[in-house]
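Dropping data.cif in here (mmCIF, C-alpha atoms and all ligand atoms):
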data_my_file
loop_
_atom_site.label_atom_id
_atom_site.label_comp_id
_atom_site.auth_asym_id
_atom_site.auth_seq_id
_atom_site.Cartn_x
_atom_site.Cartn_y
_atom_site.Cartn_z
CA MET A 1216 14.27 -12.56 31.22
CA GLU A 1217 13.58 -12.46 27.49
CA PRO A 1218 10.74 -11.91 25.05
CA ARG A 1219 9.48 -14.96 23.12
CA ASP A 1220 11.63 -16.23 20.26
CA LEU A 1221 11.36 -13.41 17.72
CA SER A 1222 14.10 -14.64 15.41
CA ASN A 1223 11.76 -15.44 12.50
CA LEU A 1224 10.20 -11.95 12.57
CA SER A 1225 11.79 -9.49 10.18
CA ILE A 1226 12.40 -5.87 11.06
CA TYR A 1227 10.33 -3.41 9.05
CA ARG A 1228 12.60 -0.83 7.46
CA ALA A 1229 10.68 2.18 6.24
CA GLY A 1230 12.09 4.48 3.59
CA ARG A 1231 14.26 7.05 5.36
CA GLY A 1232 12.83 10.36 6.46
CA ILE A 1233 13.80 13.57 4.74
CA GLU A 1234 15.23 15.17 7.91
CA GLU A 1235 17.40 12.15 8.59
CA VAL A 1236 18.89 12.19 5.09
CA ALA A 1237 19.33 15.97 5.06
CA ARG A 1238 21.20 15.88 8.37
CA GLU A 1239 23.50 13.12 7.16
CA LEU A 1240 24.31 14.93 3.92
CA GLY A 1241 24.49 18.37 5.51
CA LEU A 1242 21.73 19.63 3.19
CA ASP A 1243 18.59 21.68 3.76
CA PRO A 1244 15.54 19.35 3.80
CA ASP A 1245 13.88 21.79 1.38
CA ASP A 1246 16.55 21.00 -1.20
CA LEU A 1247 15.72 17.28 -1.19
CA ILE A 1248 13.13 15.54 -3.33
CA LYS A 1249 11.79 12.52 -1.48
CA LEU A 1250 10.35 9.94 -3.83
CA SER A 1251 11.02 6.82 -1.77
CA SER A 1252 7.83 6.02 0.19
CA ASN A 1253 4.95 6.50 -2.29
CA GLU A 1254 3.62 9.42 -0.27
CA ASN A 1255 1.38 12.05 -1.86
CA ALA A 1256 3.62 14.67 -3.50
CA LEU A 1257 0.86 17.29 -3.21
CA GLY A 1258 0.74 16.99 0.58
CA PRO A 1259 -2.37 16.12 2.60
CA SER A 1260 -5.95 16.85 1.56
CA PRO A 1261 -6.56 20.51 2.60
CA LYS A 1262 -10.02 19.61 3.91
CA ALA A 1263 -8.42 16.96 6.13
CA VAL A 1264 -5.92 19.52 7.44
CA ALA A 1265 -8.75 21.86 8.43
CA ALA A 1266 -10.58 19.00 10.17
CA ILE A 1267 -7.44 18.04 12.11
CA ARG A 1268 -7.07 21.65 13.32
CA ASP A 1269 -10.72 21.77 14.35
CA VAL A 1270 -10.59 18.61 16.42
CA ALA A 1271 -7.48 19.60 18.37
CA GLU A 1272 -9.42 21.16 21.29
CA ASP A 1273 -11.42 17.99 21.88
CA VAL A 1274 -8.77 15.31 22.01
CA HIS A 1275 -9.06 14.81 25.78
CA TYR A 1276 -12.19 12.73 25.02
CA TYR A 1277 -12.06 9.13 23.82
CA PRO A 1278 -13.20 8.88 20.21
CA LYS A 1279 -16.97 8.98 19.89
CA SER A 1280 -19.20 9.12 16.88
CA SER A 1281 -16.55 9.84 14.26
CA HIS A 1282 -15.53 6.17 14.08
CA THR A 1283 -19.14 5.09 13.45
CA ASP A 1284 -19.71 7.97 11.03
CA LEU A 1285 -16.65 7.12 8.97
CA ILE A 1286 -17.59 3.44 8.80
CA ALA A 1287 -21.10 4.41 7.65
CA LYS A 1288 -19.72 6.76 5.00
CA LEU A 1289 -17.32 4.13 3.65
CA ALA A 1290 -20.00 1.42 3.68
CA ASP A 1291 -22.26 3.73 1.72
CA ARG A 1292 -19.54 4.55 -0.76
CA TRP A 1293 -18.73 0.86 -1.41
CA ASN A 1294 -22.31 -0.30 -1.18
CA VAL A 1295 -21.66 -2.81 1.61
CA ASP A 1296 -22.93 -3.18 5.21
CA ASP A 1297 -21.31 -1.20 8.01
CA GLU A 1298 -20.05 -4.45 9.63
CA GLN A 1299 -17.99 -5.15 6.53
CA ILE A 1300 -15.79 -2.07 7.03
CA TRP A 1301 -12.90 -2.85 9.37
CA LEU A 1302 -11.36 0.51 10.20
CA ALA A 1303 -7.82 0.37 11.57
CA ASN A 1304 -4.59 2.16 12.39
CA GLY A 1305 -3.44 2.30 8.77
CA GLY A 1306 -3.86 -0.39 6.15
CA ASP A 1307 -1.19 -2.22 8.14
CA GLY A 1308 -3.51 -2.26 11.16
CA ALA A 1309 -6.25 -3.78 8.99
CA LEU A 1310 -3.79 -6.49 7.88
CA ASP A 1311 -3.25 -7.27 11.58
CA TYR A 1312 -7.01 -7.59 12.13
CA LEU A 1313 -7.38 -9.93 9.16
CA SER A 1314 -4.59 -12.13 10.54
CA ARG A 1315 -6.13 -12.09 14.01
CA ALA A 1316 -9.51 -13.09 12.61
CA MET A 1317 -8.27 -15.74 10.19
CA LEU A 1318 -5.17 -17.52 11.46
CA ASP A 1319 -4.85 -20.31 13.95
CA PRO A 1320 -1.24 -20.88 15.08
CA GLY A 1321 0.79 -22.61 12.36
CA GLN A 1322 -1.58 -21.78 9.49
CA ALA A 1323 0.01 -20.35 6.38
CA VAL A 1324 -0.50 -17.40 4.08
CA LEU A 1325 0.60 -17.28 0.44
CA VAL A 1326 2.17 -14.03 -0.77
CA PRO A 1327 3.89 -12.94 -3.99
CA ASP A 1328 7.68 -12.74 -4.15
CA PRO A 1329 8.55 -9.85 -4.29
CA ASP A 1330 5.88 -8.28 -2.07
CA PHE A 1331 5.05 -5.53 0.39
CA THR A 1332 6.62 -7.10 3.49
CA TYR A 1333 3.86 -6.41 5.97
CA HIS A 1334 1.55 -9.10 4.52
CA GLY A 1335 3.96 -11.80 5.71
CA MET A 1336 4.89 -9.94 8.88
CA ALA A 1337 1.28 -9.62 10.02
CA ALA A 1338 0.88 -13.40 9.61
CA ARG A 1339 4.06 -14.15 11.58
CA TYR A 1340 3.02 -11.85 14.44
CA HIS A 1341 -0.08 -14.01 14.72
CA HIS A 1342 1.90 -17.27 14.78
CA GLY A 1343 1.26 -17.97 11.11
CA THR A 1344 3.80 -19.05 8.49
CA VAL A 1345 4.50 -17.56 5.07
CA GLU A 1346 4.73 -19.28 1.68
CA GLU A 1347 5.52 -17.49 -1.56
CA PHE A 1348 4.56 -17.65 -5.21
CA PRO A 1349 7.18 -16.25 -7.60
CA ILE A 1350 6.42 -13.39 -9.95
CA SER A 1351 9.06 -12.53 -12.51
CA LYS A 1352 10.46 -9.79 -14.67
CA ALA A 1353 10.02 -12.08 -17.66
CA GLU A 1354 6.24 -12.01 -17.07
CA ASP A 1355 6.15 -8.32 -16.12
CA PHE A 1356 5.56 -9.38 -12.50
CA HIS A 1357 2.07 -10.59 -13.34
CA GLN A 1358 0.34 -12.27 -10.38
CA SER A 1359 -1.34 -14.73 -12.70
CA PRO A 1360 -3.79 -17.44 -11.59
CA GLU A 1361 -1.27 -19.98 -12.97
CA ARG A 1362 1.55 -18.73 -10.72
CA VAL A 1363 -0.72 -18.51 -7.68
CA LEU A 1364 -2.44 -21.87 -8.16
CA ASP A 1365 0.83 -23.70 -8.98
CA ALA A 1366 2.18 -22.64 -5.61
CA TYR A 1367 -1.09 -22.88 -3.66
CA ASP A 1368 -1.17 -25.66 -1.10
CA GLY A 1369 -4.24 -25.01 1.05
CA GLU A 1370 -2.98 -21.79 2.64
CA ARG A 1371 -5.55 -19.98 4.78
CA MET A 1372 -5.01 -16.63 3.09
CA VAL A 1373 -3.75 -15.65 -0.36
CA TYR A 1374 -2.47 -12.10 -0.89
CA LEU A 1375 -2.63 -10.26 -4.19
CA THR A 1376 -1.71 -6.60 -4.52
CA SER A 1377 -3.17 -4.53 -7.33
CA PRO A 1378 -1.53 -2.21 -8.23
CA HIS A 1379 1.41 -4.22 -6.91
CA ASN A 1380 4.12 -2.63 -4.77
CA PRO A 1381 6.94 -2.30 -5.85
CA THR A 1382 6.34 -3.33 -9.48
CA GLY A 1383 3.08 -1.56 -10.43
CA SER A 1384 1.57 -4.71 -12.02
CA GLU A 1385 -2.18 -5.34 -11.84
CA VAL A 1386 -4.68 -8.18 -11.82
CA THR A 1387 -8.17 -8.26 -13.29
CA ILE A 1388 -11.44 -9.05 -11.55
CA GLU A 1389 -11.67 -12.27 -13.60
CA GLU A 1390 -8.24 -13.37 -12.40
CA VAL A 1391 -9.09 -12.76 -8.75
CA GLU A 1392 -12.39 -14.56 -9.23
CA GLN A 1393 -10.64 -17.57 -10.75
CA ILE A 1394 -8.16 -17.71 -7.87
CA ALA A 1395 -10.95 -17.44 -5.29
CA ALA A 1396 -12.99 -20.12 -7.07
CA GLU A 1397 -10.11 -22.57 -7.38
CA THR A 1398 -8.79 -22.26 -3.83
CA ASP A 1399 -10.43 -23.99 -0.85
CA GLU A 1400 -13.68 -22.77 0.61
CA GLN A 1401 -11.79 -21.81 3.80
CA THR A 1402 -9.15 -19.74 1.98
CA LEU A 1403 -9.56 -15.96 2.01
CA VAL A 1404 -8.19 -14.04 -0.99
CA VAL A 1405 -7.09 -10.57 0.12
CA VAL A 1406 -6.66 -7.96 -2.61
CA ASP A 1407 -4.48 -5.12 -1.35
CA GLU A 1408 -5.66 -1.96 -3.12
CA ALA A 1409 -3.48 0.54 -1.27
CA TYR A 1410 -2.94 2.22 -4.67
CA GLY A 1411 -6.45 1.56 -5.96
CA GLU A 1412 -7.23 5.22 -6.68
CA PHE A 1413 -4.38 5.58 -9.18
CA THR A 1414 -5.40 2.84 -11.58
CA GLU A 1415 -7.98 2.95 -14.31
CA ARG A 1416 -9.10 -0.56 -13.47
CA GLU A 1417 -12.16 -1.25 -11.37
CA SER A 1418 -11.89 -2.14 -7.68
CA LYS A 1419 -12.25 -5.77 -6.67
CA VAL A 1420 -14.81 -4.78 -4.00
CA GLU A 1421 -17.43 -6.08 -6.43
CA LEU A 1422 -16.19 -9.58 -5.56
CA VAL A 1423 -16.60 -8.91 -1.83
CA ARG A 1424 -20.26 -8.16 -2.54
CA GLU A 1425 -20.71 -11.33 -4.60
CA ARG A 1426 -18.63 -13.89 -2.71
CA ASP A 1427 -17.77 -14.91 0.85
CA ASP A 1428 -14.04 -15.52 0.33
CA VAL A 1429 -12.59 -12.21 -0.91
CA ALA A 1430 -11.54 -9.16 1.13
CA VAL A 1431 -10.11 -5.84 -0.10
CA LEU A 1432 -7.67 -3.52 1.67
CA ARG A 1433 -7.71 0.27 1.20
CA THR A 1434 -5.82 3.12 2.86
CA PHE A 1435 -5.90 6.90 3.31
CA SER A 1436 -2.07 6.97 3.26
CA LYS A 1437 -1.50 7.30 -0.46
CA ALA A 1438 -4.09 9.12 -2.59
CA TYR A 1439 -5.53 11.12 0.33
CA GLY A 1440 -2.10 12.17 1.57
CA LEU A 1441 -2.70 11.02 5.16
CA ALA A 1442 0.20 8.59 5.71
CA GLY A 1443 1.14 10.27 8.99
CA ILE A 1444 -2.38 9.96 10.41
CA ARG A 1445 -2.48 6.12 10.12
CA LEU A 1446 -5.89 5.30 8.72
CA GLY A 1447 -6.93 2.36 6.56
CA TYR A 1448 -9.56 -0.37 6.36
CA ALA A 1449 -10.44 -3.78 5.09
CA ILE A 1450 -13.73 -4.55 3.34
CA THR A 1451 -14.64 -8.07 4.44
CA PRO A 1452 -17.27 -10.68 3.53
CA ALA A 1453 -20.72 -9.96 4.99
CA GLU A 1454 -21.02 -13.38 6.66
CA TRP A 1455 -18.39 -12.80 9.29
CA GLY A 1456 -18.27 -9.04 9.57
CA ASP A 1457 -19.06 -9.27 13.27
CA ALA A 1458 -15.58 -10.75 13.87
CA TYR A 1459 -14.33 -7.14 13.82
CA ALA A 1460 -15.94 -6.50 17.20
CA ARG A 1461 -13.86 -9.36 18.62
CA VAL A 1462 -10.44 -8.57 17.09
CA ASN A 1463 -10.48 -4.76 16.95
CA THR A 1464 -8.08 -2.90 19.25
CA PRO A 1465 -10.22 -0.34 21.14
CA PHE A 1466 -9.97 3.09 19.48
CA ALA A 1467 -7.27 1.94 17.04
CA ALA A 1468 -8.38 4.59 14.54
CA SER A 1469 -8.04 7.81 16.52
CA GLU A 1470 -10.52 10.69 16.67
CA ILE A 1471 -8.06 12.81 14.69
CA ALA A 1472 -7.69 10.10 12.04
CA CYS A 1473 -11.43 9.55 11.70
CA ARG A 1474 -12.19 13.28 11.40
CA ALA A 1475 -9.42 13.66 8.82
CA GLY A 1476 -10.76 10.66 6.90
CA LEU A 1477 -14.32 12.00 6.88
CA ALA A 1478 -13.13 15.33 5.52
CA ALA A 1479 -10.78 13.77 2.96
CA LEU A 1480 -13.61 11.68 1.49
CA ASP A 1481 -15.38 14.95 0.64
CA ASP A 1482 -12.29 16.46 -0.98
CA ASP A 1483 -12.96 15.42 -4.57
CA GLU A 1484 -10.94 18.25 -6.02
CA PHE A 1485 -7.80 17.20 -4.15
CA LEU A 1486 -8.25 13.55 -5.06
CA GLU A 1487 -8.69 14.36 -8.73
CA GLU A 1488 -5.61 16.56 -8.82
CA THR A 1489 -3.62 13.86 -7.02
CA ILE A 1490 -4.62 11.18 -9.49
CA GLU A 1491 -4.08 13.39 -12.52
CA THR A 1492 -0.62 14.43 -11.33
CA ALA A 1493 0.43 10.86 -10.57
CA ARG A 1494 -0.73 9.61 -13.98
CA TRP A 1495 1.11 12.43 -15.66
CA ALA A 1496 4.29 11.73 -13.66
CA ARG A 1497 4.13 8.01 -14.50
CA GLU A 1498 4.01 8.81 -18.19
CA TYR A 1499 6.78 11.36 -17.85
CA MET A 1500 9.02 8.78 -16.21
CA HIS A 1501 8.23 6.08 -18.79
CA GLU A 1502 9.12 8.52 -21.52
CA HIS A 1503 12.15 10.29 -20.12
CA LEU A 1504 13.95 7.90 -17.76
CA GLU A 1505 16.93 6.37 -19.49
CA ALA A 1506 16.25 2.98 -17.99
CA GLU A 1507 13.78 0.18 -18.56
CA THR A 1508 10.53 0.81 -16.68
CA TRP A 1509 7.40 -1.28 -16.14
CA GLU A 1510 3.81 -0.23 -16.70
CA SER A 1511 2.42 0.89 -13.34
CA GLY A 1512 -1.08 1.34 -11.98
CA GLY A 1513 0.27 3.05 -8.86
CA ASN A 1514 1.82 6.40 -7.92
CA PHE A 1515 5.31 5.05 -8.58
CA VAL A 1516 7.39 3.45 -11.29
CA LEU A 1517 9.88 0.57 -11.08
CA ALA A 1518 13.04 1.07 -13.11
CA GLU A 1519 15.93 -1.28 -13.88
CA VAL A 1520 19.18 0.54 -13.23
CA GLY A 1521 21.94 -2.03 -12.68
CA ASP A 1522 23.37 -1.71 -9.18
CA ALA A 1523 20.31 -0.30 -7.41
CA SER A 1524 22.02 0.29 -4.10
CA ALA A 1525 24.81 2.36 -5.69
CA VAL A 1526 22.40 4.28 -7.92
CA ALA A 1527 20.10 5.08 -4.98
CA ASP A 1528 23.09 6.28 -2.93
CA ASP A 1529 24.35 8.48 -5.77
CA CYS A 1530 20.89 9.95 -6.38
CA GLN A 1531 20.56 10.71 -2.68
CA ARG A 1532 23.87 12.55 -2.69
CA GLU A 1533 22.42 14.67 -5.53
CA GLY A 1534 19.29 15.38 -3.48
CA VAL A 1535 16.84 12.84 -4.89
CA ILE A 1536 15.73 10.03 -2.56
CA VAL A 1537 14.45 6.92 -4.34
CA ARG A 1538 13.77 3.42 -3.05
CA ASP A 1539 16.49 0.82 -3.59
CA CYS A 1540 14.50 -2.38 -4.17
CA SER A 1541 17.24 -4.77 -2.97
CA SER A 1542 15.20 -5.43 0.17
CA PHE A 1543 12.41 -6.70 -2.12
CA GLY A 1544 14.94 -9.04 -3.78
CA LEU A 1545 15.19 -6.77 -6.85
CA GLU A 1546 18.86 -5.80 -6.62
CA GLU A 1547 18.79 -4.13 -10.03
CA CYS A 1548 15.73 -1.97 -9.53
CA ILE A 1549 14.76 1.29 -7.92
CA ARG A 1550 11.20 2.44 -7.26
CA ILE A 1551 10.49 6.11 -7.87
CA THR A 1552 7.37 7.73 -6.44
CA CYS A 1553 5.47 10.16 -8.67
CA GLY A 1554 6.44 13.70 -7.72
CA THR A 1555 4.84 17.03 -8.53
CA ARG A 1556 5.04 18.54 -12.01
CA GLU A 1557 8.11 20.48 -10.82
CA GLN A 1558 9.83 17.66 -8.92
CA THR A 1559 9.43 14.87 -11.46
CA PRO A 1560 11.44 16.36 -14.35
CA GLU A 1561 14.14 17.48 -11.91
CA ALA A 1562 14.34 14.01 -10.37
CA VAL A 1563 14.42 12.29 -13.76
CA GLU A 1564 17.25 14.55 -14.89
CA THR A 1565 19.25 13.73 -11.76
CA ILE A 1566 18.63 9.99 -12.07
CA ASN A 1567 19.65 10.08 -15.76
CA GLU A 1568 22.86 11.91 -14.88
CA VAL A 1569 23.66 9.34 -12.19
CA LEU A 1570 23.00 6.50 -14.65
CA ALA A 1571 25.22 8.12 -17.28
CA ASP A 1572 28.03 8.52 -14.72
CA VAL A 1573 27.74 4.89 -13.60
CA GLU A 1574 28.19 3.76 -17.20
CA ASP A 1575 31.35 5.82 -17.70
C1 LIG B 1601 1.38 1.68 1.74
C2 LIG B 1601 0.85 0.31 1.62
C3 LIG B 1601 -0.09 -0.24 2.52
C4 LIG B 1601 -0.66 0.41 3.73
O1 LIG B 1601 -0.02 1.42 4.27
P1 LIG B 1601 -0.65 2.15 5.55
O2 LIG B 1601 0.12 3.41 5.61
O3 LIG B 1601 -0.44 1.23 6.72
O4 LIG B 1601 -2.10 2.35 5.27
C5 LIG B 1601 -0.58 -1.50 2.29
N1 LIG B 1601 -0.18 -2.21 1.24
C6 LIG B 1601 0.70 -1.75 0.37
C7 LIG B 1601 1.07 -2.59 -0.79
C8 LIG B 1601 1.26 -0.49 0.53
O5 LIG B 1601 2.18 -0.06 -0.34
#
Encoded form (structure tokens):
Amino acid sequence: MEPRDLSNLSIYRAGRGIEEVARELGLDPDDLIKLSSNENALGPSPKAVAAIRDVAEDVHYYPKSSHTDLIAKLADRWNVDDEQIWLANGGDGALDYLSRAMLDPGQAVLVPDPDFTYHGMAARYHHGTVEEFPISKAEDFHQSPERVLDAYDGERMVYLTSPHNPTGSEVTIEEVEQIAAETDEQTLVVVDEAYGEFTERESKVELVRERDDVAVLRTFSKAYGLAGIRLGYAITPAEWGDAYARVNTPFAASEIACRAGLAALDDDEFLEETIETARWAREYMHEHLEAETWESGGNFVLAEVGDASAVADDCQREGVIVRDCSSFGLEECIRITCGTREQTPEAVETINEVLADVED
């Protein structure tokens, strides 16, 4: 027997773990600087860590009020109704729920090229198809209304990411509004704000409050340092918020995740330090990397380095793990996550040495 035909589904390849790389290179994991997965260089929110410890004795119960409490807290924070908050197992889980709720078999989604691969994957899992609109180096990877609307052909969902992974580019509220206005009434525009805390621009949640065809994705994985917990959510139009009750996997956001999320939302000090450090590191990289970089609203910077695969391999051998962007179709670029104030200069020095050696 066999599973269904899975040949058009791609395999998600996460950035490699620090233990895995250390073992392969025969190094101590503590000697490696991992800047390949846009994780929080400062670690997790300390308040979340305390909450996770506290809940440990109670995990024989199914999740109870924490799920409801976290939804209420997020709804309050974004000034939307509780039904509009679709809590999930990571932002990726929320992307699954949006696909479940939106797509009939054979319907299409429109995504940027390059893009975070899970937007397209979530559609394919739900028997949808994927169309792309090109964004280019020449236009600083801008996801402009022109590029989107030129390619748009009635797709059911249109994905924008701001700040965009892996390029760092951003879109304005006006641009999202124009795209939403000029696409069909039955097209949902999803703005992925996984890196929303790191930008100085305003969130597009305002459009969710004003319109019925825009949704926003947020996650606890990046700025709150909770990637390992798997907690994220979509903020969806008020009119069909009750669809969540129909598509939600029971208890998909665990008790541990919800308690950690509740505590992290109260950890303003940690969030501020995270954002400040990331903004500092971005500037440091723009200034000191001996490679072309692009303006970034996220906790990472895209740099043009020639043969990205070779450069990433060489950096790794020197103890600095960066993301080779070949899998995004950017064979000449690496993406470097913002490190701490100690890690970032060290990483930049290593990358510059590797680049100088490649040129020799
Ligand atoms: C990291 C990321 C997500 C969500 O990640 P989760 O860990 O599943 O919350 C979503 N979109 C983009 C663009 C990302 O980079």
Interface rows for chain A against ligand LIG 1601 (chain B): nearest pair, Å to one decimal, 6 Å, all atoms listed in the file, as a tab-separated table:
residue	atom	partner	partner_atom	distance
A:Gly1305	CA	B:LIG1601	O4	3.7
A:Gly1306	CA	B:LIG1601	O4	3.4
A:Asp1307	CA	B:LIG1601	O3	3.8
A:Phe1331	CA	B:LIG1601	C7	5.1
A:Asn1380	CA	B:LIG1601	C7	5.0
A:Asp1407	CA	B:LIG1601	N1	5.8
A:Ala1409	CA	B:LIG1601	N1	5.0
A:Thr1434	CA	B:LIG1601	O4	4.5
A:Ser1436	CA	B:LIG1601	O2	4.8
A:Ala1442	CA	B:LIG1601	O2	5.2
A:Arg1445	CA	B:LIG1601	O2	5.9
A:Leu1446	CA	B:LIG1601	O4	5.9
A:Gly1447	CA	B:LIG1601	O4	5.0
Test item: residues at most 7 Å from Thr1376 of chain A, only C-alpha atoms, excluding those fewer than 3 positions along its chain, as number ranges by chain
A: 1379, 1406-1408
Within 9 Å of Ser1377 of chain A, counting all atoms listed in the file, which residues show up once you throw out same-chain ones fewer than 4 positions away? Write them as an mmCIF file with C-alpha atoms, in the coordinates of the input, please.
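Now in around.cif:
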data_model
loop_
_atom_site.group_PDB
_atom_site.id
_atom_site.type_symbol
_atom_site.label_atom_id
_atom_site.label_comp_id
_atom_site.auth_asym_id
_atom_site.auth_seq_id
_atom_site.Cartn_x
_atom_site.Cartn_y
_atom_site.Cartn_z
ATOM 1 C CA GLY A 1383 3.080 -1.560 -10.430
ATOM 2 C CA SER A 1384 1.570 -4.710 -12.020
ATOM 3 C CA GLU A 1385 -2.180 -5.340 -11.840
ATOM 4 C CA VAL A 1386 -4.680 -8.180 -11.820
ATOM 5 C CA THR A 1387 -8.170 -8.260 -13.290
ATOM 6 C CA VAL A 1406 -6.660 -7.960 -2.610
ATOM 7 C CA ASP A 1407 -4.480 -5.120 -1.350
ATOM 8 C CA GLU A 1408 -5.660 -1.960 -3.120
ATOM 9 C CA ALA A 1409 -3.480 0.540 -1.270
ATOM 10 C CA TYR A 1410 -2.940 2.220 -4.670
ATOM 11 C CA GLY A 1411 -6.450 1.560 -5.960
ATOM 12 C CA THR A 1414 -5.400 2.840 -11.580
ATOM 13 C CA GLY A 1512 -1.080 1.340 -11.980
ATOM 14 C CA GLY A 1513 0.270 3.050 -8.860
#
How many Å separate atom CA of Leu1441 of chain A from atom CA of Val1420 of chain A?
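Separating atom CA of Leu1441 of chain A from atom CA of Val1420 of chain A is a distance of 21.9 Å.
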Using all atoms listed in the file, which residue out of A:Tyr1367, A:Tyr1276, A:Tyr1374, A:Phe1413 lies closest to Asp1399 of chain A?
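Counting all atoms listed in the file, the residue closest to Asp1399 of chain A is A:Tyr1367.
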Which of A:Pro1378, A:Ile1267, A:Gln1558, A:Pro1329 sits closest to Lys1352 of chain A [using all atoms listed in the file]
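Among the listed residues, the smallest separation from Lys1352 of chain A belongs to A:Pro1329.
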Quick one: distance from atom CA of Glu1454 of chain A to atom CA of Val1429 of chain A in Å, one decimal?
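Atom CA of Glu1454 of chain A sits 11.4 Å away from atom CA of Val1429 of chain A.
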Counting only C-alpha atoms, which residues have an atom no more than 7 Å from (-10.6, -17.2, -4.7) in the file's coordinates? Please list them as JSON, numbers by chain.
{"A": [1391, 1392, 1393, 1394, 1395, 1396, 1397, 1398, 1403, 1404, 1428, 1429]}
